[in-house]
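Student: This one is query_9.tsv, TSV, C-alpha atoms.
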```
chain	number	residue	atom	x	y	z
A	1	MET	CA	20.02	4.33	113.20
A	2	PRO	CA	21.43	7.79	113.95
A	3	GLN	CA	25.20	7.94	114.19
A	4	LEU	CA	25.92	11.53	115.09
A	5	VAL	CA	23.97	14.40	116.59
A	6	THR	CA	25.48	17.81	115.96
A	7	VAL	CA	24.56	20.89	117.95
A	8	ARG	CA	25.89	24.30	116.93
A	9	VAL	CA	25.12	27.40	118.95
A	10	GLU	CA	26.23	30.83	117.78
A	11	ARG	CA	26.11	33.33	120.62
A	12	PRO	CA	25.68	37.08	120.24
A	13	ASP	CA	29.36	37.61	121.09
A	14	GLY	CA	30.23	35.69	117.92
A	15	ARG	CA	31.83	32.70	119.66
A	16	PRO	CA	30.39	29.50	118.22
A	17	LEU	CA	29.83	26.46	120.42
A	18	ARG	CA	29.83	23.12	118.65
A	19	ILE	CA	28.96	19.79	120.17
A	20	TRP	CA	29.23	16.47	118.37
A	21	VAL	CA	27.44	13.60	120.10
A	22	PRO	CA	28.34	10.15	118.75
A	23	VAL	CA	25.12	8.27	119.47
A	24	LEU	CA	26.37	4.69	119.80
A	25	PRO	CA	29.20	5.37	122.29
A	26	VAL	CA	26.90	7.59	124.38
A	27	VAL	CA	24.22	4.87	124.44
A	28	LEU	CA	26.85	2.34	125.49
A	29	VAL	CA	28.11	4.59	128.29
A	30	PHE	CA	24.57	5.18	129.52
A	31	SER	CA	23.45	1.58	128.87
A	32	PRO	CA	22.46	0.94	132.53
A	33	VAL	CA	20.15	3.97	132.38
A	34	VAL	CA	18.86	2.86	128.98
A	35	VAL	CA	18.03	-0.61	130.35
A	36	LEU	CA	16.14	0.95	133.28
A	37	ALA	CA	14.26	3.28	130.91
A	38	VAL	CA	13.29	0.34	128.67
A	39	LEU	CA	12.05	-1.64	131.69
A	40	GLY	CA	10.10	1.41	132.90
A	41	ALA	CA	8.55	1.82	129.45
A	42	ALA	CA	7.60	-1.87	129.37
A	43	VAL	CA	5.89	-1.58	132.78
A	44	ALA	CA	4.06	1.57	131.64
A	45	CYS	CA	2.85	-0.29	128.51
A	46	LEU	CA	1.53	-3.12	130.67
A	47	VAL	CA	-0.19	-0.71	133.07
A	48	PHE	CA	-1.91	1.15	130.22
A	49	ARG	CA	-2.64	-2.11	128.33
A	50	VAL	CA	-0.56	-1.21	125.31
A	51	ASN	CA	1.05	-4.00	123.29
A	52	VAL	CA	4.69	-3.92	124.43
A	53	ALA	CA	6.10	-5.41	121.22
A	54	ARG	CA	4.19	-2.95	119.01
A	55	ALA	CA	5.20	-0.03	121.21
A	56	PHE	CA	8.89	-0.93	121.08
A	57	GLY	CA	8.63	-1.60	117.34
A	58	ALA	CA	7.13	1.86	116.78
A	59	ALA	CA	9.72	3.53	119.03
A	60	TRP	CA	12.53	1.76	117.18
A	61	ARG	CA	11.08	2.96	113.84
A	62	ILE	CA	11.20	6.52	115.15
A	63	VAL	CA	14.85	6.10	116.17
A	64	THR	CA	15.86	4.62	112.83
A	65	ALA	CA	13.89	7.24	110.85
A	66	SER	CA	15.40	10.23	112.65
A	67	PRO	CA	18.61	10.65	110.55
A	68	GLY	CA	18.17	13.56	108.17
A	69	THR	CA	16.35	15.68	110.74
A	70	ARG	CA	17.56	19.24	110.89
A	71	VAL	CA	16.35	22.12	113.02
A	72	ASP	CA	17.84	25.55	112.40
A	73	VAL	CA	16.74	28.61	114.35
A	74	GLU	CA	18.33	32.03	113.90
A	75	GLN	CA	17.41	35.24	115.63
A	76	GLY	CA	19.59	38.25	115.10
A	77	ARG	CA	23.15	37.17	115.94
A	78	THR	CA	22.06	34.08	117.85
A	79	ALA	CA	21.61	30.77	116.05
A	80	VAL	CA	21.02	27.19	117.04
A	81	LEU	CA	21.40	24.30	114.65
A	82	VAL	CA	20.67	20.67	115.51
A	83	THR	CA	21.22	17.93	112.98
A	84	ILE	CA	20.84	14.19	113.26
A	85	ARG	CA	22.89	12.12	110.86
B	86	MET	CA	36.47	19.59	99.43
B	87	ASN	CA	34.97	22.68	97.80
B	88	GLU	CA	37.10	25.48	96.40
B	89	GLN	CA	36.22	28.16	98.96
B	90	ARG	CA	36.94	25.91	101.93
B	91	LYS	CA	40.28	24.96	100.31
B	92	ASP	CA	41.10	28.68	99.94
B	93	VAL	CA	40.41	29.24	103.64
B	94	LEU	CA	42.64	26.32	104.60
B	95	ASP	CA	45.37	27.60	102.24
B	96	MET	CA	45.19	31.04	103.91
B	97	LEU	CA	45.47	29.35	107.30
B	98	ALA	CA	48.46	27.30	106.15
B	99	GLU	CA	50.16	30.43	104.81
B	100	GLY	CA	49.58	32.16	108.15
B	101	LYS	CA	47.43	34.91	106.61
B	102	ILE	CA	44.60	34.18	109.06
B	103	THR	CA	44.41	32.64	112.51
B	104	ALA	CA	42.78	29.28	113.27
B	105	GLU	CA	39.87	31.11	114.92
B	106	GLU	CA	39.31	33.28	111.84
B	107	ALA	CA	39.48	30.17	109.64
B	108	GLU	CA	36.85	28.47	111.78
B	109	GLN	CA	34.56	31.50	111.52
B	110	LEU	CA	34.99	31.66	107.75
B	111	ILE	CA	34.25	27.96	107.36
B	112	ALA	CA	31.17	28.35	109.57
B	113	VAL	CA	29.94	31.15	107.29
B	114	LEU	CA	30.62	29.00	104.20
B	115	GLU	CA	28.71	26.09	105.74
B	116	ARG	CA	25.79	28.35	106.50
B	117	ASP	CA	25.78	29.70	102.96
B	118	GLN	CA	25.85	26.16	101.57
B	119	THR	CA	22.75	25.11	103.54
B	120	PRO	CA	20.28	24.01	100.90
B	121	PRO	CA	17.84	26.86	100.48
B	122	ALA	CA	14.14	26.23	100.82
B	123	SER	CA	13.43	25.03	97.34
B	124	SER	CA	11.30	27.20	95.21
B	125	LEU	CA	7.84	25.76	95.26
B	126	ASP	CA	7.47	25.98	91.51
B	127	THR	CA	10.79	24.39	90.67
B	128	ARG	CA	10.98	21.60	93.25
B	129	PRO	CA	11.87	18.27	91.69
B	130	LYS	CA	9.10	15.91	90.89
B	131	GLY	CA	9.14	12.47	92.42
B	132	LYS	CA	8.78	10.92	95.82
B	133	ALA	CA	9.26	13.53	98.53
B	134	LYS	CA	11.54	12.56	101.39
B	135	TYR	CA	11.35	15.49	103.76
B	136	LEU	CA	8.78	17.80	105.24
B	137	ARG	CA	10.13	21.35	105.39
B	138	VAL	CA	8.87	24.16	107.58
B	139	VAL	CA	10.44	27.55	106.86
B	140	VAL	CA	9.52	30.64	108.83
B	141	ASP	CA	10.93	34.09	108.14
B	142	ALA	CA	9.80	36.73	110.57
B	143	ILE	CA	10.78	39.91	112.31
B	144	GLU	CA	10.69	39.60	116.09
B	145	ASP	CA	11.82	42.32	118.47
B	146	ASP	CA	13.17	44.21	115.44
B	147	GLU	CA	15.50	41.31	114.64
B	148	PRO	CA	15.18	38.98	111.67
B	149	THR	CA	14.22	35.49	112.79
B	150	ARG	CA	14.48	32.41	110.65
B	151	VAL	CA	13.32	28.91	111.49
B	152	ASN	CA	14.21	26.13	109.10
B	153	VAL	CA	13.06	22.63	110.02
B	154	ARG	CA	13.54	19.50	107.94
B	155	VAL	CA	11.85	16.30	109.10
B	156	PRO	CA	12.08	13.00	107.20
B	157	LEU	CA	8.61	11.82	106.11
B	158	GLN	CA	9.67	8.38	107.35
B	159	LEU	CA	9.82	9.89	110.83
B	160	LEU	CA	6.25	11.17	110.46
B	161	ARG	CA	5.11	7.70	109.39
B	162	ALA	CA	6.85	6.18	112.43
B	163	GLY	CA	5.19	8.79	114.65
B	164	VAL	CA	1.79	7.91	113.19
B	165	ARG	CA	2.38	4.25	114.08
B	166	LEU	CA	3.31	5.24	117.62
B	167	ALA	CA	0.26	7.50	117.86
B	168	ALA	CA	-1.90	4.52	116.87
B	169	LEU	CA	-0.91	2.87	120.16
B	170	ILE	CA	-2.36	5.65	122.31
B	171	PRO	CA	-5.06	4.06	124.53
B	172	PRO	CA	-8.66	5.07	123.66
B	173	GLN	CA	-9.23	6.52	127.15
B	174	ALA	CA	-6.27	8.91	126.62
B	175	LEU	CA	-7.72	9.95	123.25
B	176	ALA	CA	-11.10	10.57	124.90
B	177	LYS	CA	-9.47	12.78	127.54
B	178	ALA	CA	-7.53	14.70	124.88
B	179	THR	CA	-10.74	15.16	122.85
B	180	ALA	CA	-12.54	16.50	125.94
B	181	GLU	CA	-9.73	18.98	126.63
B	182	MET	CA	-9.73	20.12	122.99
B	183	ASN	CA	-13.50	20.64	123.14
B	184	LYS	CA	-13.03	22.70	126.31
B	185	SER	CA	-10.48	24.84	124.47
B	186	GLY	CA	-12.93	25.45	121.63
B	187	VAL	CA	-11.53	22.90	119.17
B	188	PRO	CA	-14.42	20.56	118.35
B	189	PHE	CA	-12.33	17.69	117.00
B	190	ASP	CA	-12.93	14.06	117.96
B	191	LEU	CA	-9.57	12.28	118.04
B	192	THR	CA	-11.23	8.92	118.68
B	193	GLN	CA	-12.73	9.07	115.19
B	194	LEU	CA	-9.30	9.44	113.61
B	195	LYS	CA	-8.08	6.05	112.42
B	196	PRO	CA	-4.38	5.15	112.00
B	197	GLU	CA	-5.01	4.24	108.35
B	198	GLN	CA	-6.37	7.73	107.73
B	199	LEU	CA	-3.28	9.27	109.32
B	200	GLU	CA	-1.00	7.09	107.19
B	201	GLU	CA	-2.93	8.12	104.09
B	202	LEU	CA	-2.54	11.75	105.15
B	203	VAL	CA	1.25	11.35	105.43
B	204	GLU	CA	1.34	9.55	102.06
B	205	HIS	CA	-0.27	12.56	100.40
B	206	LEU	CA	1.74	15.20	102.22
B	207	ASP	CA	4.08	15.61	99.25
B	208	GLU	CA	1.21	17.18	97.33
B	209	MET	CA	0.63	19.72	100.06
B	210	ILE	CA	1.95	23.28	100.09
B	211	VAL	CA	1.02	25.80	102.75
B	212	GLU	CA	2.12	29.41	102.36
B	213	VAL	CA	1.23	32.15	104.79
B	214	ASP	CA	2.37	35.67	103.94
B	215	GLN	CA	2.02	38.49	106.40
B	216	SER	CA	3.71	41.85	106.60
B	217	GLU	CA	6.23	40.69	109.24
B	218	ALA	CA	6.21	36.94	108.76
B	219	ARG	CA	6.27	34.36	106.04
B	220	VAL	CA	5.59	30.67	106.69
B	221	ARG	CA	6.04	27.90	104.16
B	222	VAL	CA	5.29	24.22	104.72
B	223	PHE	CA	6.05	21.85	101.88
B	224	CYS	CA	7.69	18.55	101.00
B	225	GLU	CA	10.81	17.99	98.96
```
When written as structure tokens, how does the structure in this file appear?

Tutor:
Amino acid sequence: MPQLVTVRVERPDGRPLRIWVPVLPVVLVFSPVVVLAVLGAAVACLVFRVNVARAFGAAWRIVTASPGTRVDVEQGRTAVLVTIR
Amino acid sequence: MNEQRKDVLDMLAEGKITAEEAEQLIAVLERDQTPPASSLDTRPKGKAKYLRVVVDAIEDDEPTRVNVRVPLQLLRAGVRLAALIPPQALAKATAEMNKSGVPFDLTQLKPEQLEELVEHLDEMIVEVDQSEARVRVFCE
């Protein structure tokens, strides 16, 4: 399960912008939205005749496998780095 | 804590540099410490854990670098999710690909084949060298 998502943006003027997103607290804060999204996904699975349990199992695997992902893009003096820990 | 970062913090404590300068120096150190794309010949043997995509290019006269690291476990999870795509959606996607000139039948692709493909990714190395761009895809 990811714990922390880090976003670092380096702008051409040299001022870095860093954002740390603690996943669990953010999910808790947005839990009403998360519940609605889960219900919407379940309805979509039923409409398209996809096994709901298998779909949620696969989605959960994706969430738990995401730590270690790192995307780093640099162009000239601009850089964006996203890491999931 | 590594030695260089300690030096920066010492300089900050002694008032030789400002907090902003210290932050910039630490950011540079962190960037330098980013694990380089491992040399393809010297990468360690054993079970690969990550898929790496490294692109070095020149765009608009500026050097551009893209460095992506994706856990292979995430690819496996994605394959399982892809296996749930309804056949009618696959048929539509196949039709669109055919229209775009890609004669590939997605409905013939079985989840087991995709899993096997991911399993053998660690043996795969793709290198594309052009005058203004270099792309490397490999596992480590």

Student: Could you list, as a list in words, every residue within 7 Å of A:Thr83, counting only C-alpha atoms and ignoring same-chain residues fewer than 6 positions away?

Tutor: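 My list of contacting residues is Val5, Thr6, Val7, Thr69, Arg70 and Val71 of chain A.
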
Student: Next, the residues of the selection above should be written as a tab-separated table (two decimals), in the coordinates of the input with C-alpha atoms.

Tutor:
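Output contents, as saved in result.tsv:
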```tsv
chain	number	residue	atom	x	y	z
A	5	VAL	CA	23.97	14.40	116.59
A	6	THR	CA	25.48	17.81	115.96
A	7	VAL	CA	24.56	20.89	117.95
A	69	THR	CA	16.35	15.68	110.74
A	70	ARG	CA	17.56	19.24	110.89
A	71	VAL	CA	16.35	22.12	113.02
```

Student: Taking only residues of stretch 47-68 of chain A that have an atom at most 12 Å from an atom of stretch 134-142 of chain B, what is each one's shortest atom pair and its distance in Å to one decimal, using only C-alpha atoms, in chain and number order, as JSON lines?

Tutor:
```
{"residue": "A:Ala65", "atom": "CA", "partner": "B:Lys134", "partner_atom": "CA", "distance": 11.1}
{"residue": "A:Ser66", "atom": "CA", "partner": "B:Tyr135", "partner_atom": "CA", "distance": 11.1}
{"residue": "A:Pro67", "atom": "CA", "partner": "B:Tyr135", "partner_atom": "CA", "distance": 11.1}
{"residue": "A:Gly68", "atom": "CA", "partner": "B:Tyr135", "partner_atom": "CA", "distance": 8.3}
```

Student: Restrict the distance test to only C-alpha atoms, flag each residue of chain B within 10 Å of chain A, and return the flagged residues as a PyMOL selection string.

Tutor: chain B and resi 105+108-109+112+134-171+173-174

Student: With all atoms listed in the file as the counted atoms, please give the residues lying no more than 9 Å from stretch 182-198 of chain B, apart from itself and same-chain residues fewer than 2 positions off, as a ChimeraX atom specification.

Tutor: /B:164-165,167-168,172,175-180,200-203

Student: How many Å lie between atom CA of B:Val113 and atom CA of B:Asp214, rounded to one decimal?

Tutor: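 One can read the atom CA of B:Val113 to atom CA of B:Asp214 distance as 28.1 Å.
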
Student: Interatomic distance between atom CA of B:Lys132 and atom CA of B:Arg219?

Tutor: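 Interatomic distance here is 25.7 Å.
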
Student: Taking only C-alpha atoms into account, which of A:Ala42, A:Leu24, A:Val47, A:Val33 comes nearest A:Met1?

Tutor: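 Comparing A:Ala42, A:Leu24, A:Val47, A:Val33 against A:Met1, the winner is A:Leu24.
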
Student: Padding 4 Å on each side, edges along x, y and z: where is the centre of the box around the listed atoms of stretch 146-153 of chain B, and how long are its edges in Å to one decimal? Output it as JSON.

Tutor:
```
{"center_x": 14.3, "center_y": 33.4, "center_z": 112.3, "size_x": 10.4, "size_y": 29.6, "size_z": 14.3}
```

Student: What is the atom CA of B:Val220-atom CA of B:Leu206 distance in Å, reported with one decimal?

Tutor: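 These atoms are spaced 16.6 Å apart.
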
Student: Kindly write stretch 16-49 of chain A with N, CA and C atoms to a file, as an mmCIF file, in the first residue's frame.

Tutor:
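Saved the output as decode_18.cif:
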```cif
data_model
loop_
_atom_site.group_PDB
_atom_site.id
_atom_site.type_symbol
_atom_site.label_atom_id
_atom_site.label_comp_id
_atom_site.auth_asym_id
_atom_site.auth_seq_id
_atom_site.Cartn_x
_atom_site.Cartn_y
_atom_site.Cartn_z
ATOM 1 N N PRO A 16 12.161 25.619 -6.535
ATOM 2 C CA PRO A 16 11.551 24.290 -6.542
ATOM 3 C C PRO A 16 10.213 24.288 -5.795
ATOM 4 N N LEU A 17 9.298 23.473 -6.262
ATOM 5 C CA LEU A 17 8.025 23.293 -5.573
ATOM 6 C C LEU A 17 7.954 21.826 -5.171
ATOM 7 N N ARG A 18 7.759 21.576 -3.895
ATOM 8 C CA ARG A 18 7.709 20.190 -3.436
ATOM 9 C C ARG A 18 6.383 19.929 -2.746
ATOM 10 N N ILE A 19 5.776 18.834 -3.092
ATOM 11 C CA ILE A 19 4.508 18.466 -2.462
ATOM 12 C C ILE A 19 4.623 17.025 -1.960
ATOM 13 N N TRP A 20 4.323 16.855 -0.685
ATOM 14 C CA TRP A 20 4.294 15.509 -0.114
ATOM 15 C C TRP A 20 2.830 15.179 0.155
ATOM 16 N N VAL A 21 2.361 14.085 -0.388
ATOM 17 C CA VAL A 21 0.956 13.701 -0.177
ATOM 18 C C VAL A 21 0.926 12.398 0.624
ATOM 19 N N PRO A 22 0.584 12.480 1.916
ATOM 20 C CA PRO A 22 0.446 11.243 2.694
ATOM 21 C C PRO A 22 -0.853 10.545 2.293
ATOM 22 N N VAL A 23 -0.730 9.361 1.719
ATOM 23 C CA VAL A 23 -1.873 8.729 1.058
ATOM 24 C C VAL A 23 -3.015 8.414 2.027
ATOM 25 N N LEU A 24 -2.674 7.774 3.148
ATOM 26 C CA LEU A 24 -3.740 7.317 4.052
ATOM 27 C C LEU A 24 -4.578 8.482 4.602
ATOM 28 N N PRO A 25 -3.947 9.546 5.147
ATOM 29 C CA PRO A 25 -4.765 10.661 5.626
ATOM 30 C C PRO A 25 -5.623 11.289 4.528
ATOM 31 N N VAL A 26 -5.061 11.398 3.325
ATOM 32 C CA VAL A 26 -5.834 11.998 2.222
ATOM 33 C C VAL A 26 -7.034 11.115 1.877
ATOM 34 N N VAL A 27 -6.811 9.791 1.860
ATOM 35 C CA VAL A 27 -7.932 8.875 1.575
ATOM 36 C C VAL A 27 -8.992 8.997 2.660
ATOM 37 N N LEU A 28 -8.551 9.129 3.908
ATOM 38 C CA LEU A 28 -9.517 9.267 5.004
ATOM 39 C C LEU A 28 -10.326 10.557 4.862
ATOM 40 N N VAL A 29 -9.640 11.643 4.526
ATOM 41 C CA VAL A 29 -10.330 12.933 4.367
ATOM 42 C C VAL A 29 -11.356 12.850 3.235
ATOM 43 N N PHE A 30 -10.947 12.186 2.145
ATOM 44 C CA PHE A 30 -11.849 12.099 0.991
ATOM 45 C C PHE A 30 -12.676 10.808 1.000
ATOM 46 N N SER A 31 -12.788 10.163 2.165
ATOM 47 C CA SER A 31 -13.470 8.860 2.214
ATOM 48 C C SER A 31 -14.896 8.896 1.662
ATOM 49 N N PRO A 32 -15.694 9.980 1.888
ATOM 50 C CA PRO A 32 -17.036 9.972 1.282
ATOM 51 C C PRO A 32 -16.976 9.891 -0.244
ATOM 52 N N VAL A 33 -16.007 10.608 -0.835
ATOM 53 C CA VAL A 33 -15.851 10.568 -2.297
ATOM 54 C C VAL A 33 -15.383 9.179 -2.728
ATOM 55 N N VAL A 34 -14.478 8.599 -1.920
ATOM 56 C CA VAL A 34 -13.951 7.267 -2.252
ATOM 57 C C VAL A 34 -15.083 6.246 -2.241
ATOM 58 N N VAL A 35 -15.963 6.332 -1.235
ATOM 59 C CA VAL A 35 -17.095 5.394 -1.147
ATOM 60 C C VAL A 35 -17.982 5.531 -2.383
ATOM 61 N N LEU A 36 -18.265 6.779 -2.768
ATOM 62 C CA LEU A 36 -19.097 7.008 -3.963
ATOM 63 C C LEU A 36 -18.423 6.440 -5.214
ATOM 64 N N ALA A 37 -17.111 6.650 -5.320
ATOM 65 C CA ALA A 37 -16.369 6.151 -6.487
ATOM 66 C C ALA A 37 -16.417 4.622 -6.530
ATOM 67 N N VAL A 38 -16.273 3.991 -5.361
ATOM 68 C CA VAL A 38 -16.313 2.521 -5.302
ATOM 69 C C VAL A 38 -17.695 2.024 -5.722
ATOM 70 N N LEU A 39 -18.748 2.692 -5.216
ATOM 71 C CA LEU A 39 -20.110 2.294 -5.596
ATOM 72 C C LEU A 39 -20.320 2.472 -7.109
ATOM 73 N N GLY A 40 -19.826 3.606 -7.642
ATOM 74 C CA GLY A 40 -19.946 3.852 -9.082
ATOM 75 C C GLY A 40 -19.230 2.781 -9.883
ATOM 76 N N ALA A 41 -18.041 2.387 -9.406
ATOM 77 C CA ALA A 41 -17.271 1.355 -10.106
ATOM 78 C C ALA A 41 -18.010 0.020 -10.058
ATOM 79 N N ALA A 42 -18.625 -0.276 -8.900
ATOM 80 C CA ALA A 42 -19.367 -1.540 -8.770
ATOM 81 C C ALA A 42 -20.548 -1.563 -9.745
ATOM 82 N N VAL A 43 -21.256 -0.440 -9.849
ATOM 83 C CA VAL A 43 -22.397 -0.362 -10.784
ATOM 84 C C VAL A 43 -21.908 -0.538 -12.223
ATOM 85 N N ALA A 44 -20.783 0.134 -12.543
ATOM 86 C CA ALA A 44 -20.224 0.015 -13.900
ATOM 87 C C ALA A 44 -19.862 -1.440 -14.205
ATOM 88 N N CYS A 45 -19.290 -2.144 -13.217
ATOM 89 C CA CYS A 45 -18.931 -3.559 -13.408
ATOM 90 C C CYS A 45 -20.186 -4.376 -13.706
ATOM 91 N N LEU A 46 -21.263 -4.102 -12.951
ATOM 92 C CA LEU A 46 -22.497 -4.853 -13.165
ATOM 93 C C LEU A 46 -23.084 -4.561 -14.544
ATOM 94 N N VAL A 47 -23.042 -3.293 -14.944
ATOM 95 C CA VAL A 47 -23.588 -2.908 -16.256
ATOM 96 C C VAL A 47 -22.827 -3.615 -17.377
ATOM 97 N N PHE A 48 -21.489 -3.644 -17.256
ATOM 98 C CA PHE A 48 -20.669 -4.243 -18.317
ATOM 99 C C PHE A 48 -20.380 -5.729 -18.068
ATOM 100 N N ARG A 49 -21.113 -6.322 -17.123
ATOM 101 C CA ARG A 49 -21.008 -7.756 -16.803
ATOM 102 C C ARG A 49 -19.571 -8.189 -16.517
#
```
